[in-house]
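Student: Structure in structure tokens, see below.
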Amino acid sequence: MKEKEIFGFGMMRLPLLNPNDQKSVDFNLVKEMVDYYMSHGFNYFDTSYAYHEGQSEAAFKKAVSDRYPRESYKLADKMPTWLLTKSEDNQKYFDEMLKRNGVNYFDNFFIHNINQAWLPIAEKNKTFDFMEKIKKEGKAKQIGFSFHDQPELLEKVLDKYPIFDFVQLELNYLDWEDPILNAKKCHEICVKHGLKIFVMEPLKGGSLVNLPEHVIKPLKNVNPNLSLANWALRFAASQENVEVVLSGMTSMEDMKDNTDTFTNFKPLTDKETETLECVSDKVRESIPIPCSYCKYCVEHCPSNIPIPEFFNLYNAQEQSGGTLHKFYYNTLATTHTKASECTECGECLNYCTQKLNIPEFMKKVSETFDME
């Protein structure tokens with residue numbers, strides 16, 4: 001592992017001018033963050049056609065490709081699998097993404113989110129063939145896919161399509177031994193196949209940096225000077241075959257802390273690993289709804305319910321109480337839809353990266369916030 005290359009700028013959670021509008025990216029702050037990141041020797045950016053409703057790629061162009069020479073940075077983007085309706089769509093979206101990012105090739109290109117729901121779409125529309133084509137053409141230096149599903153499916157895909165250079169996995173200390181997400185098993189499969197691993201969600205959507213004091217006490221006892229993000233990022237970076245650890249940062253403070261972690265990177269010691277194993281059990285107990293706020297469910301909710309935001313407010317209410325979370329809930333419910341209006345249609349279930357029973361959790365949200 002090269003410490004100066006392993007820290008990736010994830011452009012999924014950029015700073016916003018309006019917290020209720022994912023398109024309202026604060027381009028000026030993004031530029032400042034990019035300049036700080038690049039000036040410290042890092043240069044890997046990860047974006048997507050879907051992030052910030054298309055504005056993530058726009059932010060990359062404004063902050064990076066319009067301002068830095070192409071050879072000075074590496075860029076990863078992802079095929080919007082869910083939008084494919086025919087094989088020609090692969091080229092159409094690929095060309096559009098090149099234009100939106102202001103580049104003429106991608107260093108890494110992914111099939112976005114291979115899972116039980118979207119694998120058939122990719123196969124039907126010949127996306128795997130397209131990935132081989134763009135690599136041969138030099139339009140993508142390396143190819144891979146991001147993955148949110150069970151180890152059995154990962155093994156099946158890698159055996160059937162031995163064309164990939166890497167896999168992007170959700171990997172953090174909370175999901176490592178989780179019996180549903182099986183992060184450790186997915187990691188082992190990638191290692192067995194000799195693939196590079198790119199890590200997403202090392203902070204589990206920010207959940208691992210917003211923990212109650214009694215949970216983080218063992219970490220502070222080991223080293224009171226380390227941030228919670230430092231612990232989580234170093235866990236991910238310490239695993240075998242990990243090439244890049246992505247961090248989605250919403251502030252300059254996040255950027256500085258993460259940059260410091262990797263500028264002065266030290267792999268986890270055995271004692272630190274044991275401490276995290278104990279903490280992960282406490283973390284699991286402390287987070288009522290372990291949502292990673294990826295928002296894939298929202299795109300497929302016919303009722304327009306802001307599911308991750310409601311789950312975040314519910315978690316905060318359960319952990320700290322007070323009346324402020326109710327106020328924020330009412331504001332969101334006014335502009336979107338109340339939790340009580342969930343029809344339990346189940347459309348969201350195929351797209352939840354955490355395999356949560358969203359309709360059942362939505363009932364808890366409604367009981368907390370909709371009842372007078």
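Labels used: A, B, ... for chains in the order of the structure tokens, numbers from 1 for residues in each chain, and numbers from 1 for ligands as shown.
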Write out as a list in words the residues lying within 10 Å of A:Ile180, counting only C-alpha atoms and excluding same-chain residues fewer than 4 positions away.
Tutor: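 Neighbouring residues, sequence-local ones excluded: Asp149, Gln150, Asp175, Gln354, Lys355 and Leu356 of chain A.
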Student: Could you turn the residues from that selection into a file that holds N, CA, C and O atoms, as a CSV table (one decimal), in the first residue's frame?
Tutor:
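Writing done, so here's selection.csv:
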```
chain,number,residue,atom,x,y,z
A,149,ASP,N,-24.2,-6.7,-2.1
A,149,ASP,CA,-25.0,-7.9,-2.0
A,149,ASP,C,-24.3,-9.0,-1.3
A,149,ASP,O,-23.2,-8.7,-0.7
A,150,GLN,N,-24.7,-10.2,-1.4
A,150,GLN,CA,-24.2,-11.3,-0.7
A,150,GLN,C,-23.0,-11.9,-1.3
A,150,GLN,O,-22.8,-11.8,-2.5
A,175,ASP,N,-19.5,-3.5,9.7
A,175,ASP,CA,-20.1,-4.5,8.8
A,175,ASP,C,-19.1,-5.7,8.6
A,175,ASP,O,-19.5,-6.6,7.9
A,354,GLN,N,-28.0,-1.9,2.8
A,354,GLN,CA,-27.8,-2.5,4.2
A,354,GLN,C,-28.8,-3.6,4.5
A,354,GLN,O,-28.8,-4.2,5.6
A,355,LYS,N,-29.6,-4.0,3.5
A,355,LYS,CA,-30.6,-5.0,3.6
A,355,LYS,C,-31.6,-4.8,4.8
A,355,LYS,O,-31.9,-5.7,5.5
A,356,LEU,N,-32.0,-3.5,4.9
A,356,LEU,CA,-32.9,-3.2,6.0
A,356,LEU,C,-34.3,-3.4,5.6
A,356,LEU,O,-34.7,-3.3,4.4
```
Student: Which residues come within 10 Å of A:Phe60, counting only C-alpha atoms, excluding same-chain residues fewer than 3 positions away, as a short mmCIF file (atom, residue, chain, number, x, y, z; two decimals) with C-alpha atoms, in the first residue's frame?
Tutor:
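This is the output file part_29.cif:
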```
data_model
loop_
_atom_site.label_atom_id
_atom_site.label_comp_id
_atom_site.auth_asym_id
_atom_site.auth_seq_id
_atom_site.Cartn_x
_atom_site.Cartn_y
_atom_site.Cartn_z
CA MET A 11 -17.77 12.93 -4.32
CA PHE A 27 -18.74 24.71 -5.74
CA VAL A 30 -15.40 22.07 -3.17
CA LYS A 31 -12.61 23.92 -5.00
CA VAL A 34 -9.79 19.90 -3.84
CA PHE A 45 -11.53 11.21 -7.31
CA ASP A 46 -14.62 9.01 -7.36
CA THR A 47 -17.91 10.28 -8.76
CA GLN A 55 -24.05 17.79 -9.87
CA SER A 56 -21.19 15.67 -8.54
CA GLU A 57 -19.75 15.34 -12.03
CA ALA A 63 -13.02 22.01 -9.29
CA VAL A 64 -10.62 19.59 -10.99
CA SER A 65 -10.63 19.03 -14.76
CA ASP A 66 -11.11 22.72 -15.59
CA ARG A 67 -8.25 23.68 -13.25
CA LEU A 75 -10.85 9.78 -12.03
CA ARG A 100 -19.88 16.07 -17.94
CA ASN A 101 -16.52 15.45 -16.26
CA GLY A 102 -14.55 17.30 -18.93
#
```
Student: Considering only C-alpha atoms, state which residue in the set A:Asn113, A:Tyr314, A:Cys186, A:Met249 is at the smallest distance from A:Pro151.
Tutor: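 Checking each candidate against A:Pro151, we get A:Cys186 as the closest.
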Student: Provide the atom CA of A:Thr259 to atom CA of A:Glu277 distance in Å, to one decimal place.
Tutor: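 Atom CA of A:Thr259 sits 24.7 Å away from atom CA of A:Glu277.
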Student: For the helix (DSSP H, G or I) assignment from backbone DSSP, which residues of stretch 71-138 of chain A qualify? Please present them as a ChimeraX atom specification.
Tutor: /A:71-72,81-83,88-101,119-124,127-136
Student: Residues as selected, N, CA and C atoms, written as a compact mmCIF listing (two decimals), in the first residue's frame, can you do that?
Tutor:
```txt
# COMPACT_ATOMS: atom_id res chain seq x y z
N GLU A 71 -3.02 14.71 -16.46
CA GLU A 71 -2.09 13.72 -15.91
C GLU A 71 -1.88 13.86 -14.40
N SER A 72 -2.43 14.92 -13.79
CA SER A 72 -2.18 15.17 -12.37
C SER A 72 -3.20 14.49 -11.45
N THR A 81 -26.43 1.77 -14.09
CA THR A 81 -27.02 0.49 -14.48
C THR A 81 -28.54 0.56 -14.58
N TRP A 82 -29.19 1.19 -13.63
CA TRP A 82 -30.64 1.23 -13.53
C TRP A 82 -31.31 1.98 -14.67
N LEU A 83 -30.54 2.78 -15.41
CA LEU A 83 -31.10 3.56 -16.51
C LEU A 83 -31.01 2.85 -17.85
N GLU A 88 -27.21 -0.01 -26.63
CA GLU A 88 -26.66 1.26 -27.09
C GLU A 88 -26.57 2.29 -25.99
N ASP A 89 -27.34 2.11 -24.93
CA ASP A 89 -27.32 3.07 -23.81
C ASP A 89 -25.97 3.11 -23.13
N ASN A 90 -25.22 2.01 -23.16
CA ASN A 90 -23.90 2.00 -22.53
C ASN A 90 -23.02 3.09 -23.11
N GLN A 91 -22.94 3.13 -24.42
CA GLN A 91 -22.11 4.14 -25.08
C GLN A 91 -22.67 5.54 -24.86
N LYS A 92 -24.01 5.65 -24.91
CA LYS A 92 -24.64 6.96 -24.74
C LYS A 92 -24.29 7.57 -23.38
N TYR A 93 -24.45 6.80 -22.32
CA TYR A 93 -24.17 7.34 -20.99
C TYR A 93 -22.67 7.52 -20.77
N PHE A 94 -21.87 6.62 -21.31
CA PHE A 94 -20.43 6.75 -21.16
C PHE A 94 -19.93 8.05 -21.80
N ASP A 95 -20.37 8.32 -23.01
CA ASP A 95 -19.96 9.55 -23.68
C ASP A 95 -20.46 10.79 -22.93
N GLU A 96 -21.66 10.69 -22.40
CA GLU A 96 -22.21 11.82 -21.63
C GLU A 96 -21.39 12.07 -20.38
N MET A 97 -20.96 11.01 -19.72
CA MET A 97 -20.16 11.17 -18.51
C MET A 97 -18.78 11.76 -18.80
N LEU A 98 -18.17 11.34 -19.90
CA LEU A 98 -16.90 11.95 -20.30
C LEU A 98 -17.07 13.46 -20.45
N LYS A 99 -18.14 13.86 -21.12
CA LYS A 99 -18.40 15.28 -21.35
C LYS A 99 -18.69 16.01 -20.05
N ARG A 100 -19.51 15.42 -19.19
CA ARG A 100 -19.88 16.07 -17.94
C ARG A 100 -18.68 16.26 -17.02
N ASN A 101 -17.73 15.33 -17.09
CA ASN A 101 -16.52 15.45 -16.26
C ASN A 101 -15.43 16.27 -16.93
N LEU A 119 -28.02 -6.82 -11.66
CA LEU A 119 -27.20 -7.71 -12.47
C LEU A 119 -27.93 -8.12 -13.76
N PRO A 120 -29.21 -8.52 -13.70
CA PRO A 120 -29.91 -8.88 -14.93
C PRO A 120 -30.00 -7.73 -15.94
N ILE A 121 -30.07 -6.49 -15.44
CA ILE A 121 -30.12 -5.33 -16.34
C ILE A 121 -28.80 -5.19 -17.08
N ALA A 122 -27.70 -5.33 -16.34
CA ALA A 122 -26.37 -5.23 -16.95
C ALA A 122 -26.14 -6.34 -17.97
N GLU A 123 -26.61 -7.54 -17.65
CA GLU A 123 -26.42 -8.66 -18.57
C GLU A 123 -27.29 -8.51 -19.82
N LYS A 124 -28.53 -8.12 -19.63
CA LYS A 124 -29.46 -7.96 -20.76
C LYS A 124 -28.95 -6.91 -21.74
N THR A 127 -23.60 -4.91 -20.83
CA THR A 127 -22.68 -3.96 -20.19
C THR A 127 -21.32 -4.58 -19.94
N PHE A 128 -21.27 -5.88 -19.68
CA PHE A 128 -19.98 -6.53 -19.45
C PHE A 128 -19.14 -6.51 -20.73
N ASP A 129 -19.78 -6.73 -21.88
CA ASP A 129 -19.06 -6.63 -23.15
C ASP A 129 -18.57 -5.21 -23.39
N PHE A 130 -19.41 -4.24 -23.03
CA PHE A 130 -19.04 -2.84 -23.22
C PHE A 130 -17.82 -2.48 -22.37
N MET A 131 -17.76 -3.02 -21.16
CA MET A 131 -16.63 -2.72 -20.28
C MET A 131 -15.32 -3.22 -20.90
N GLU A 132 -15.34 -4.41 -21.48
CA GLU A 132 -14.14 -4.91 -22.15
C GLU A 132 -13.75 -4.03 -23.32
N LYS A 133 -14.74 -3.54 -24.05
CA LYS A 133 -14.49 -2.71 -25.22
C LYS A 133 -13.79 -1.40 -24.86
N ILE A 134 -14.30 -0.71 -23.84
CA ILE A 134 -13.72 0.59 -23.50
C ILE A 134 -12.31 0.44 -22.92
N LYS A 135 -12.05 -0.70 -22.30
CA LYS A 135 -10.68 -0.93 -21.81
C LYS A 135 -9.73 -1.15 -22.98
N LYS A 136 -10.16 -1.93 -23.97
CA LYS A 136 -9.33 -2.17 -25.15
C LYS A 136 -9.07 -0.87 -25.90
```
Student: When you look at A:Val245 with a cut-off of 8 Å (counting only C-alpha atoms), what residues show up, excluding the ones that are within fewer than 6 positions of it in the same chain? I need them as a PyMOL selection string.
Tutor: chain A and resi 6-8+198-200+202+233+236-237
Student: Can those selected residues be exported to a file as an mmCIF file, in the first residue's frame so that it contains N, CA and C atoms?
Tutor:
```cif
data_model
loop_
_atom_site.group_PDB
_atom_site.id
_atom_site.type_symbol
_atom_site.label_atom_id
_atom_site.label_comp_id
_atom_site.auth_asym_id
_atom_site.auth_seq_id
_atom_site.Cartn_x
_atom_site.Cartn_y
_atom_site.Cartn_z
ATOM 1 N N ILE A 6 -3.576 6.039 -1.340
ATOM 2 C CA ILE A 6 -4.713 5.235 -0.906
ATOM 3 C C ILE A 6 -5.934 6.057 -0.511
ATOM 4 N N PHE A 7 -5.772 7.327 -0.232
ATOM 5 C CA PHE A 7 -6.869 8.184 0.211
ATOM 6 C C PHE A 7 -7.601 8.779 -0.995
ATOM 7 N N GLY A 8 -8.851 8.357 -1.199
ATOM 8 C CA GLY A 8 -9.634 8.828 -2.325
ATOM 9 C C GLY A 8 -10.692 9.837 -1.922
ATOM 10 N N PHE A 198 -11.341 -1.456 -3.824
ATOM 11 C CA PHE A 198 -11.589 -0.044 -3.563
ATOM 12 C C PHE A 198 -12.688 0.009 -2.509
ATOM 13 N N VAL A 199 -12.471 0.777 -1.470
ATOM 14 C CA VAL A 199 -13.378 0.781 -0.318
ATOM 15 C C VAL A 199 -14.323 1.977 -0.361
ATOM 16 N N MET A 200 -15.619 1.692 -0.254
ATOM 17 C CA MET A 200 -16.623 2.734 -0.079
ATOM 18 C C MET A 200 -17.265 2.553 1.290
ATOM 19 N N PRO A 202 -16.404 3.602 4.308
ATOM 20 C CA PRO A 202 -15.580 3.236 5.469
ATOM 21 C C PRO A 202 -16.105 3.841 6.763
ATOM 22 N N LEU A 233 -11.148 4.808 9.086
ATOM 23 C CA LEU A 233 -10.390 4.834 7.838
ATOM 24 C C LEU A 233 -9.174 3.919 7.904
ATOM 25 N N ALA A 236 -10.132 0.252 7.411
ATOM 26 C CA ALA A 236 -10.326 -0.109 6.007
ATOM 27 C C ALA A 236 -8.992 -0.198 5.272
ATOM 28 N N ALA A 237 -8.128 0.773 5.506
ATOM 29 C CA ALA A 237 -6.854 0.839 4.792
ATOM 30 C C ALA A 237 -5.888 -0.268 5.209
#
```
Student: Could you give me the residues within stretch 80-324 of chain A that DSSP places in strand (DSSP E or B), as an MDAnalysis selection string?
Tutor: chainID A and resid 106:114 140:147 166:170 196:200 242:248
Student: With N, CA, C and O atoms retained, could you export that selection as a short mmCIF file (atom, residue, chain, number, x, y, z; two decimals), in the first residue's frame?
Tutor:
```
data_model
loop_
_atom_site.label_atom_id
_atom_site.label_comp_id
_atom_site.auth_asym_id
_atom_site.auth_seq_id
_atom_site.Cartn_x
_atom_site.Cartn_y
_atom_site.Cartn_z
N PHE A 106 -11.36 7.66 -18.60
CA PHE A 106 -11.44 7.43 -17.15
C PHE A 106 -10.30 6.52 -16.74
O PHE A 106 -9.95 5.58 -17.45
N ASP A 107 -9.71 6.81 -15.60
CA ASP A 107 -8.69 5.91 -15.07
C ASP A 107 -9.34 4.60 -14.62
O ASP A 107 -8.82 3.52 -14.90
N ASN A 108 -10.46 4.71 -13.92
CA ASN A 108 -11.23 3.54 -13.49
C ASN A 108 -12.68 3.74 -13.86
O ASN A 108 -13.23 4.83 -13.65
N PHE A 109 -13.29 2.70 -14.41
CA PHE A 109 -14.71 2.79 -14.73
C PHE A 109 -15.42 1.56 -14.18
O PHE A 109 -14.94 0.44 -14.31
N PHE A 110 -16.58 1.81 -13.55
CA PHE A 110 -17.33 0.78 -12.84
C PHE A 110 -18.68 0.52 -13.48
O PHE A 110 -19.29 1.43 -14.07
N ILE A 111 -19.17 -0.68 -13.32
CA ILE A 111 -20.61 -0.92 -13.42
C ILE A 111 -21.16 -0.59 -12.04
O ILE A 111 -20.71 -1.13 -11.04
N HIS A 112 -22.13 0.30 -11.98
CA HIS A 112 -22.59 0.80 -10.70
C HIS A 112 -23.54 -0.19 -10.03
O HIS A 112 -24.60 -0.53 -10.56
N ASN A 113 -23.13 -0.65 -8.85
CA ASN A 113 -23.97 -1.40 -7.93
C ASN A 113 -24.51 -2.71 -8.52
O ASN A 113 -25.70 -2.84 -8.80
N ILE A 114 -23.63 -3.67 -8.69
CA ILE A 114 -24.08 -5.01 -9.08
C ILE A 114 -24.75 -5.67 -7.87
O ILE A 114 -24.14 -5.81 -6.81
N ALA A 140 -10.99 3.52 -20.75
CA ALA A 140 -10.97 3.21 -19.32
C ALA A 140 -9.71 2.39 -19.07
O ALA A 140 -9.54 1.32 -19.65
N LYS A 141 -8.83 2.91 -18.23
CA LYS A 141 -7.55 2.23 -17.98
C LYS A 141 -7.75 0.92 -17.21
O LYS A 141 -7.05 -0.05 -17.45
N GLN A 142 -8.71 0.94 -16.27
CA GLN A 142 -9.05 -0.25 -15.51
C GLN A 142 -10.57 -0.33 -15.40
O GLN A 142 -11.25 0.70 -15.42
N ILE A 143 -11.10 -1.54 -15.27
CA ILE A 143 -12.55 -1.72 -15.16
C ILE A 143 -12.89 -2.56 -13.94
O ILE A 143 -12.10 -3.40 -13.49
N GLY A 144 -14.08 -2.31 -13.39
CA GLY A 144 -14.54 -3.05 -12.23
C GLY A 144 -16.02 -2.80 -12.01
O GLY A 144 -16.72 -2.31 -12.89
N PHE A 145 -16.48 -3.12 -10.81
CA PHE A 145 -17.88 -2.85 -10.47
C PHE A 145 -17.98 -2.61 -8.98
O PHE A 145 -17.16 -3.09 -8.19
N SER A 146 -18.98 -1.83 -8.59
CA SER A 146 -19.26 -1.66 -7.17
C SER A 146 -20.29 -2.71 -6.79
O SER A 146 -21.12 -3.12 -7.61
N PHE A 147 -20.25 -3.15 -5.53
CA PHE A 147 -21.04 -4.32 -5.13
C PHE A 147 -21.71 -4.09 -3.79
O PHE A 147 -21.07 -3.68 -2.82
N PHE A 166 -10.70 -4.79 -10.48
CA PHE A 166 -10.99 -4.45 -9.10
C PHE A 166 -12.48 -4.57 -8.82
O PHE A 166 -13.31 -4.66 -9.72
N VAL A 167 -12.80 -4.55 -7.53
CA VAL A 167 -14.18 -4.48 -7.05
C VAL A 167 -14.23 -3.40 -5.98
O VAL A 167 -13.30 -3.27 -5.17
N GLN A 168 -15.29 -2.61 -6.01
CA GLN A 168 -15.49 -1.59 -4.96
C GLN A 168 -16.48 -2.15 -3.94
O GLN A 168 -17.62 -2.45 -4.28
N LEU A 169 -16.03 -2.28 -2.71
CA LEU A 169 -16.82 -2.91 -1.65
C LEU A 169 -17.14 -1.93 -0.54
O LEU A 169 -16.33 -1.05 -0.21
N GLU A 170 -18.30 -2.11 0.09
CA GLU A 170 -18.58 -1.44 1.35
C GLU A 170 -17.81 -2.19 2.42
O GLU A 170 -18.04 -3.39 2.64
N LYS A 196 -7.83 -6.03 -6.96
CA LYS A 196 -7.68 -4.84 -6.14
C LYS A 196 -9.04 -4.51 -5.51
O LYS A 196 -10.09 -4.76 -6.11
N ILE A 197 -8.99 -3.93 -4.32
CA ILE A 197 -10.22 -3.58 -3.62
C ILE A 197 -10.26 -2.07 -3.39
O ILE A 197 -9.31 -1.49 -2.86
N PHE A 198 -11.34 -1.46 -3.82
CA PHE A 198 -11.59 -0.04 -3.56
C PHE A 198 -12.69 0.01 -2.51
O PHE A 198 -13.73 -0.65 -2.65
N VAL A 199 -12.47 0.78 -1.47
CA VAL A 199 -13.38 0.78 -0.32
C VAL A 199 -14.32 1.98 -0.36
O VAL A 199 -13.90 3.12 -0.49
N MET A 200 -15.62 1.69 -0.25
CA MET A 200 -16.62 2.73 -0.08
C MET A 200 -17.26 2.55 1.29
O MET A 200 -17.18 1.49 1.90
N VAL A 242 -6.33 -3.74 -0.37
CA VAL A 242 -7.03 -2.46 -0.48
C VAL A 242 -6.14 -1.46 -1.21
O VAL A 242 -5.02 -1.19 -0.80
N GLU A 243 -6.67 -0.94 -2.30
CA GLU A 243 -5.94 0.00 -3.15
C GLU A 243 -6.28 1.45 -2.80
O GLU A 243 -5.40 2.31 -2.76
N VAL A 244 -7.56 1.72 -2.59
CA VAL A 244 -8.03 3.08 -2.30
C VAL A 244 -9.15 3.01 -1.28
O VAL A 244 -10.03 2.14 -1.35
N VAL A 245 -9.12 3.92 -0.32
CA VAL A 245 -10.21 4.09 0.64
C VAL A 245 -10.85 5.45 0.34
O VAL A 245 -10.21 6.49 0.41
N LEU A 246 -12.13 5.41 -0.01
CA LEU A 246 -12.85 6.63 -0.33
C LEU A 246 -13.46 7.24 0.92
O LEU A 246 -13.94 6.52 1.79
N SER A 247 -13.44 8.55 0.97
CA SER A 247 -14.13 9.25 2.05
C SER A 247 -14.94 10.39 1.46
O SER A 247 -14.40 11.23 0.74
N GLY A 248 -16.24 10.39 1.74
CA GLY A 248 -17.11 11.47 1.29
C GLY A 248 -17.09 12.58 2.33
O GLY A 248 -17.52 12.37 3.46
#
```
Student: Pick the closest to A:Thr368 from A:Thr275, A:Thr334, A:Thr323, A:Asn221: which is it, counting only C-alpha atoms?
Tutor: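 Closest to A:Thr368, using only C-alpha atoms: A:Thr323.
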Student: If I take atom CA of A:Leu174 and atom CA of A:Ser280, how far is one from the other in Å, to one decimal?
Tutor: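 According to the coordinates, atom CA of A:Leu174 and atom CA of A:Ser280 are separated by 5.2 Å.
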Student: Neighbours of A:Glu299 within 10 Å (only C-alpha atoms; same-chain residues fewer than 5 positions away dropped), as a list in words?
Tutor: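 In the requested format, the answer is Ala50, Asn304, Ile305, Pro306, Glu347, Cys348 and Tyr351 of chain A.
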Student: Calculate how many Å separate atom CA of A:Val209 from atom CA of A:Ser286, rounding to one decimal.
Tutor: 12.7 Å
Student: Could you check the closest approach to A:Tyr296 for each of A:Asp178, A:Glu274, A:Glu53, A:Glu152 and tell me which residue wins, using only C-alpha atoms?
Tutor: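 Ranked by minimum distance to A:Tyr296, first place goes to A:Glu53.
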